[in-house]
$ cat work02.tsv   # TSV, C-alpha atoms
chain	number	residue	atom	x	y	z
X	1	MET	CA	27.15	-19.31	-22.30
X	2	ASN	CA	24.42	-21.62	-21.09
X	3	ARG	CA	20.74	-20.70	-20.91
X	4	ASN	CA	18.11	-23.31	-20.11
X	5	ALA	CA	14.48	-22.25	-20.51
X	6	ASP	CA	13.16	-25.35	-18.74
X	7	PRO	CA	13.11	-25.56	-14.93
X	8	PRO	CA	15.68	-28.08	-13.69
X	9	GLY	CA	14.68	-30.90	-11.38
X	10	PHE	CA	14.56	-29.23	-7.98
X	11	SER	CA	11.21	-30.62	-6.86
X	12	ARG	CA	12.74	-32.16	-3.72
X	13	ASP	CA	15.06	-29.30	-2.85
X	14	THR	CA	14.79	-26.54	-0.30
X	15	ILE	CA	16.94	-23.55	-1.25
X	16	GLY	CA	18.44	-21.36	1.46
X	17	ILE	CA	19.96	-17.91	1.06
X	18	ILE	CA	22.25	-16.81	3.88
X	19	GLY	CA	22.21	-13.03	3.73
X	20	ALA	CA	19.05	-11.46	2.34
X	21	GLY	CA	20.56	-8.09	1.48
X	22	HIS	CA	20.37	-6.62	-2.00
X	23	LEU	CA	22.04	-9.60	-3.67
X	24	GLY	CA	20.26	-12.22	-1.56
X	25	LEU	CA	16.86	-10.67	-2.25
X	26	GLY	CA	17.77	-10.42	-5.94
X	27	LEU	CA	18.47	-14.14	-6.04
X	28	ALA	CA	15.31	-14.93	-4.09
X	29	GLY	CA	13.23	-12.77	-6.40
X	30	ALA	CA	14.69	-14.42	-9.50
X	31	LEU	CA	13.83	-17.85	-8.12
X	32	LEU	CA	10.24	-16.87	-7.37
X	33	ASP	CA	9.83	-14.93	-10.63
X	34	HIS	CA	10.63	-18.12	-12.54
X	35	GLY	CA	8.31	-20.37	-10.62
X	36	PHE	CA	10.29	-21.80	-7.72
X	37	PRO	CA	7.88	-22.58	-4.85
X	38	GLN	CA	8.06	-19.95	-2.14
X	39	ALA	CA	7.34	-22.61	0.47
X	40	ASP	CA	10.69	-24.24	-0.40
X	41	LEU	CA	12.74	-21.06	0.10
X	42	LEU	CA	14.51	-19.98	3.30
X	43	VAL	CA	16.32	-16.67	3.84
X	44	SER	CA	18.29	-15.14	6.69
X	45	HIS	CA	19.70	-11.74	7.59
X	46	ALA	CA	21.98	-10.27	10.23
X	47	GLY	CA	19.35	-8.16	11.98
X	48	SER	CA	19.45	-4.79	10.19
X	49	PRO	CA	16.03	-3.08	10.46
X	50	GLY	CA	16.38	-1.83	6.89
X	51	THR	CA	17.04	-5.33	5.58
X	52	ARG	CA	14.12	-6.68	7.62
X	53	ALA	CA	11.87	-4.04	6.04
X	54	ASN	CA	13.07	-5.01	2.56
X	55	ILE	CA	12.37	-8.67	3.32
X	56	ARG	CA	8.89	-7.77	4.49
X	57	ASP	CA	8.27	-5.63	1.39
X	58	ALA	CA	9.35	-8.58	-0.77
X	59	GLY	CA	6.74	-10.77	0.92
X	60	LEU	CA	9.38	-13.07	2.41
X	61	GLU	CA	8.97	-12.46	6.13
X	62	ASN	CA	7.44	-15.92	6.59
X	63	ASN	CA	10.51	-17.41	4.86
X	64	LEU	CA	12.94	-16.08	7.46
X	65	ALA	CA	15.09	-18.66	9.24
X	66	GLU	CA	18.20	-18.73	11.37
X	67	ASN	CA	21.43	-19.77	9.63
X	68	PRO	CA	21.72	-23.13	11.47
X	69	GLU	CA	18.15	-23.91	10.41
X	70	ILE	CA	19.03	-23.18	6.79
X	71	CYS	CA	22.02	-25.50	7.06
X	72	ARG	CA	19.80	-28.20	8.54
X	73	TRP	CA	16.97	-28.07	5.99
X	74	ALA	CA	18.33	-26.62	2.73
X	75	SER	CA	20.00	-28.89	0.19
X	76	VAL	CA	21.11	-25.86	-1.87
X	77	ILE	CA	22.60	-22.88	0.00
X	78	PHE	CA	23.70	-19.54	-1.44
X	79	ILE	CA	26.04	-17.51	0.77
X	80	ALA	CA	25.36	-13.86	-0.06
X	81	VAL	CA	27.03	-12.01	2.81
X	82	ARG	CA	30.02	-9.69	2.85
X	83	PRO	CA	33.43	-11.39	2.63
X	84	GLN	CA	34.29	-9.99	6.06
X	85	SER	CA	31.66	-12.34	7.54
X	86	VAL	CA	33.45	-15.52	6.44
X	87	ALA	CA	34.88	-16.21	9.92
X	88	ALA	CA	31.40	-16.25	11.47
X	89	LEU	CA	30.24	-18.72	8.82
X	90	ALA	CA	32.84	-21.23	9.98
X	91	LYS	CA	30.67	-22.05	13.00
X	92	LEU	CA	27.68	-23.15	10.90
X	93	PRO	CA	26.78	-26.85	10.37
X	94	PHE	CA	26.86	-26.86	6.58
X	95	PRO	CA	25.63	-30.17	5.11
X	96	ASP	CA	28.35	-32.50	3.83
X	97	ASN	CA	26.22	-33.63	0.90
X	98	GLY	CA	24.58	-30.30	0.03
X	99	LEU	CA	25.34	-27.80	-2.71
X	100	VAL	CA	26.92	-24.74	-1.08
X	101	VAL	CA	27.52	-21.74	-3.33
X	102	SER	CA	29.60	-18.76	-2.24
X	103	CYS	CA	28.69	-15.40	-3.79
X	104	MET	CA	31.33	-13.65	-1.67
X	105	ALA	CA	33.62	-11.77	-4.00
X	106	GLY	CA	37.34	-12.31	-3.66
X	107	ILE	CA	37.49	-15.43	-1.48
X	108	SER	CA	38.99	-18.40	-3.32
X	109	ARG	CA	37.65	-21.94	-3.12
X	110	GLU	CA	40.80	-22.97	-1.29
X	111	SER	CA	40.28	-20.32	1.38
X	112	LEU	CA	36.58	-21.17	1.66
X	113	GLY	CA	37.48	-24.82	2.19
X	114	LYS	CA	39.82	-23.86	5.03
X	115	HIS	CA	37.25	-21.61	6.69
X	116	LEU	CA	34.14	-23.76	6.24
X	117	GLY	CA	35.61	-27.26	6.10
X	118	ILE	CA	33.54	-28.27	3.07
X	119	GLU	CA	33.73	-28.14	-0.72
X	120	VAL	CA	32.17	-24.90	-1.98
X	121	ILE	CA	31.29	-23.74	-5.49
X	122	ARG	CA	32.34	-20.15	-6.17
X	123	MET	CA	29.96	-17.83	-7.97
X	124	MET	CA	30.48	-14.30	-9.23
X	125	GLN	CA	27.49	-12.44	-10.63
X	126	SER	CA	26.35	-9.11	-11.96
X	127	GLY	CA	24.30	-6.81	-9.78
X	128	PRO	CA	20.88	-7.72	-8.38
X	129	ASP	CA	19.18	-5.20	-10.67
X	130	THR	CA	20.34	-7.10	-13.77
X	131	ILE	CA	19.37	-10.42	-12.16
X	132	ARG	CA	15.79	-9.27	-11.55
X	133	GLN	CA	15.60	-7.86	-15.09
X	134	ASN	CA	16.51	-11.24	-16.65
X	135	ARG	CA	19.77	-9.70	-17.86
X	136	GLY	CA	22.07	-11.13	-15.22
X	137	ILE	CA	25.34	-12.91	-15.88
X	138	ALA	CA	27.23	-15.29	-13.61
X	139	ALA	CA	30.44	-17.30	-13.46
X	140	ILE	CA	30.82	-20.50	-11.46
X	141	CYS	CA	34.00	-22.33	-10.53
X	142	PRO	CA	34.25	-25.20	-11.06
X	143	ASP	CA	31.58	-26.28	-13.52
X	144	HIS	CA	28.56	-27.82	-11.81
X	145	PRO	CA	25.68	-28.94	-14.08
X	146	LYS	CA	23.00	-28.75	-11.39
X	147	LEU	CA	23.98	-25.24	-10.33
X	148	SER	CA	24.33	-24.13	-13.94
X	149	GLY	CA	20.84	-25.44	-14.63
X	150	LEU	CA	19.39	-23.66	-11.62
X	151	LEU	CA	20.99	-20.32	-12.52
X	152	SER	CA	19.83	-20.63	-16.11
X	153	PHE	CA	16.33	-21.35	-14.82
X	154	MET	CA	16.61	-18.10	-12.86
X	155	GLY	CA	17.34	-16.20	-16.09
X	156	LEU	CA	21.12	-15.79	-15.77
X	157	ASP	CA	23.66	-16.41	-18.51
X	158	VAL	CA	26.18	-18.80	-16.99
X	159	HIS	CA	29.91	-19.19	-17.64
X	160	ALA	CA	31.82	-22.13	-16.18
X	161	MET	CA	35.31	-21.00	-15.16
X	162	PRO	CA	38.25	-23.41	-15.03
X	163	ASP	CA	40.24	-21.64	-12.31
X	164	GLU	CA	40.51	-18.70	-9.94
X	165	GLU	CA	42.43	-16.57	-12.43
X	166	SER	CA	39.49	-16.77	-14.83
X	167	MET	CA	37.23	-15.63	-11.99
X	168	HIS	CA	39.42	-12.54	-11.57
X	169	VAL	CA	38.96	-11.70	-15.26
X	170	PHE	CA	35.20	-12.25	-14.99
X	171	THR	CA	35.07	-10.03	-11.90
X	172	ALA	CA	36.64	-7.20	-13.90
X	173	GLY	CA	34.22	-7.92	-16.73
X	174	VAL	CA	31.22	-7.42	-14.45
X	175	CYS	CA	32.50	-3.85	-13.98
X	176	LEU	CA	32.29	-3.08	-17.70
X	177	PRO	CA	29.04	-1.01	-17.60
X	178	ALA	CA	30.59	1.51	-15.20
X	179	ALA	CA	33.91	1.34	-17.06
X	180	ILE	CA	32.21	2.07	-20.38
X	181	LEU	CA	30.51	5.18	-19.02
X	182	ALA	CA	33.71	6.41	-17.35
X	183	TYR	CA	35.73	5.86	-20.53
X	184	ARG	CA	33.18	7.68	-22.69
X	185	ALA	CA	33.32	10.62	-20.30
X	186	THR	CA	36.99	11.07	-21.21
X	187	GLY	CA	36.05	11.45	-24.88
X	188	ARG	CA	37.36	8.02	-25.89
X	189	ASP	CA	35.50	5.15	-27.55
X	190	PRO	CA	35.33	1.98	-25.43
X	191	ASP	CA	34.03	-0.06	-28.37
X	192	GLU	CA	37.32	0.51	-30.17
X	193	ALA	CA	39.37	-0.08	-27.03
X	194	ILE	CA	37.77	-3.41	-26.17
X	195	SER	CA	39.25	-5.21	-29.18
X	196	GLY	CA	42.75	-4.97	-27.72
X	197	ILE	CA	41.89	-6.35	-24.30
X	198	GLY	CA	39.66	-8.93	-25.98
X	199	ARG	CA	42.64	-10.47	-27.76
X	200	GLU	CA	44.23	-11.11	-24.38
X	201	PHE	CA	41.00	-12.11	-22.62
X	202	PRO	CA	38.44	-13.43	-25.15
X	203	LEU	CA	35.88	-13.79	-22.36
X	204	LEU	CA	35.71	-10.00	-22.13
X	205	LEU	CA	34.52	-9.72	-25.73
X	206	ASP	CA	31.44	-11.72	-24.81
X	207	MET	CA	30.99	-9.73	-21.63
X	208	HIS	CA	31.36	-6.49	-23.57
X	209	ARG	CA	28.30	-7.44	-25.63
X	210	TRP	CA	26.41	-8.08	-22.38
X	211	ALA	CA	27.58	-4.75	-20.97
X	212	GLY	CA	26.31	-2.95	-24.06
X	213	GLU	CA	22.84	-4.31	-23.30
X	214	VAL	CA	22.76	-3.37	-19.62
X	215	THR	CA	24.70	-0.07	-19.55
X	216	PRO	CA	22.04	2.58	-18.84
X	217	ALA	CA	21.22	5.25	-21.39
X	218	CYS	CA	21.72	8.26	-19.15
X	219	ASP	CA	20.23	11.64	-20.05
X	220	SER	CA	23.02	13.67	-18.47
X	221	ARG	CA	26.56	13.49	-17.21
X	222	ALA	CA	25.18	13.80	-13.68
X	223	GLU	CA	23.14	10.62	-14.19
X	224	GLU	CA	26.22	8.84	-15.52
X	225	GLU	CA	28.27	9.91	-12.51
X	226	ALA	CA	25.52	8.82	-10.13
X	227	TYR	CA	25.41	5.37	-11.75
X	228	ILE	CA	29.20	5.00	-11.61
X	229	ALA	CA	29.20	6.05	-7.96
X	230	ARG	CA	26.57	3.39	-7.13
X	231	MET	CA	28.71	0.72	-8.78
X	232	CYS	CA	31.93	1.69	-6.98
X	233	THR	CA	32.67	0.23	-3.56
X	234	PRO	CA	35.67	1.93	-1.89
X	235	GLY	CA	38.70	-0.27	-2.45
X	236	GLY	CA	36.75	-2.53	-4.82
X	237	VAL	CA	37.41	-3.73	-8.36
X	238	THR	CA	35.08	-1.27	-10.11
X	239	SER	CA	36.66	1.58	-8.19
X	240	ALA	CA	40.14	0.48	-9.28
X	241	ILE	CA	39.07	0.40	-12.94
X	242	VAL	CA	37.30	3.76	-12.88
X	243	THR	CA	40.17	5.43	-11.00
X	244	SER	CA	42.61	4.12	-13.60
X	245	ILE	CA	40.48	5.40	-16.48
X	246	ARG	CA	40.21	8.84	-14.91
X	247	ALA	CA	43.96	8.91	-14.50
X	248	GLY	CA	44.22	8.76	-18.28
X	249	THR	CA	45.29	5.14	-18.78
X	250	SER	CA	44.18	2.98	-21.67
X	251	PHE	CA	41.09	0.80	-21.40
X	252	SER	CA	43.35	-2.25	-21.36
X	253	ALA	CA	45.44	-0.87	-18.51
X	254	ALA	CA	42.31	-0.05	-16.53
X	255	ILE	CA	40.96	-3.60	-16.88
X	256	HIS	CA	44.35	-4.93	-15.81
X	257	ALA	CA	44.12	-2.68	-12.74
X	258	GLY	CA	40.76	-4.24	-11.93
X	259	ILE	CA	42.10	-7.79	-12.33
X	260	LEU	CA	45.06	-6.91	-10.11
X	261	ARG	CA	42.71	-5.50	-7.47
X	262	SER	CA	40.64	-8.69	-7.56
X	263	ARG	CA	43.80	-10.74	-6.97
X	264	GLU	CA	44.79	-8.46	-4.07
X	265	ILE	CA	41.40	-8.81	-2.42
X	266	SER	CA	41.54	-12.58	-2.82
X	267	GLY	CA	45.00	-12.68	-1.27
X	268	SER	CA	43.81	-10.79	1.80
X	269	TYR	CA	41.53	-13.71	2.69
X	270	GLY	CA	44.13	-16.41	2.15
$ encode --input "work02.tsv" --output "structure tokens"
Amino acid sequence: MNRNADPPGFSRDTIGIIGAGHLGLGLAGALLDHGFPQADLLVSHAGSPGTRANIRDAGLENNLAENPEICRWASVIFIAVRPQSVAALAKLPFPDNGLVVSCMAGISRESLGKHLGIEVIRMMQSGPDTIRQNRGIAAICPDHPKLSGLLSFMGLDVHAMPDEESMHVFTAGVCLPAAILAYRATGRDPDEAISGIGREFPLLLDMHRWAGEVTPACDSRAEEEAYIARMCTPGGVTSAIVTSIRAGTSFSAAIHAGILRSREISGSYG
């Protein structure tokens, strides 16, 4: 993993975040927390009153911009909207020489290229709560030194992935905190189970250490269940893993179910 304590050279860059929901605001907050100038940050949202209130509470109302304006002025753009919005993004005038980073889970670089007509760096990250707590983790595909430096500046641990299949494994790995709690609830030890899956996917051994640091210490089973529920999106990767665990499968089989679900989601946007 790569962590850089020194701010990278972004003195001439404006950074735009398309989609200032929970993830977008998490990324914006991490930038500002680590000293990025607020005047050089632009954010957008789709019009939800709740999101607008969150933007205002974060002190970013004066940083609001329309998506075409972000594409015109930002040299680094994070796309932090739902994957279902990818078709609408195709109409935007993304810069040919800018750094465009997709945080949309499940859409491959090939598909993004077809939709947007530009080269895009894929990024998969842990939840916005871990990002704001300086305990975030991210994968990028392909490797990009400038992006890696920026994310490290923001406090994230960065993995460079060689291909889409590795991104599927990482996506399942991000689900480990919820998987650990679900597995413990069945009376089994996830620390023992991880060694088997780690032989097949060494990346998950590293991610298991990260998960051990960020998995909450819940005071009751009800708290554990509430955390798991917050992490599970219907039809998502975490949901596939937790459902498999609760069906009595091994930890390895559950992770494989999550990787398979990630592949399925990716295929639906082909």
$ residues_around --input "work02.tsv" --residues "Ser102 in chain X" --least-positions-apart "3" --cutoff "7 Å" --atoms "only C-alpha atoms" --output "list in words"
Phe78, Ile79, Ala80, Val120, Ile121, Arg122 and Met123 of chain X
$ atom_distance --input "work02.tsv" --atom1 "CA of Ile15 in chain X" --atom2 "CA of Val158 in chain X"
18.9 Å
$ closest_atom_pairs --input "work02.tsv" --of "range 114-169 of chain X" --to "range 36-39 of chain X" --cutoff "12 Å" --atoms "only C-alpha atoms" --output "JSON lines"
{"residue": "X:Leu150", "atom": "CA", "partner": "X:Phe36", "partner_atom": "CA", "distance": 10.1}
{"residue": "X:Leu151", "atom": "CA", "partner": "X:Phe36", "partner_atom": "CA", "distance": 11.8}
{"residue": "X:Phe153", "atom": "CA", "partner": "X:Phe36", "partner_atom": "CA", "distance": 9.3}
{"residue": "X:Met154", "atom": "CA", "partner": "X:Phe36", "partner_atom": "CA", "distance": 8.9}
$ closest_residue --input "work02.tsv" --among "X:His168, X:His22, X:Arg199, X:Arg52" --to "Ile131 in chain X" --atoms "only C-alpha atoms"
X:His22
$ atom_distance --input "work02.tsv" --atom1 "CA of Gly258 in chain X" --atom2 "CA of Pro128 in chain X"
20.5 Å
$ atom_distance --input "work02.tsv" --atom1 "CA of Arg221 in chain X" --atom2 "CA of Ala105 in chain X"
29.4 Å
$ residues_near_point --input "work02.tsv" --point "(14.3, -22.2, 2.7)" --cutoff "8 Å" --atoms "all atoms listed in the file" --output "NGL selection string"
:X and (14-17 or 39-43 or 63-65 or 70 or 73-74)
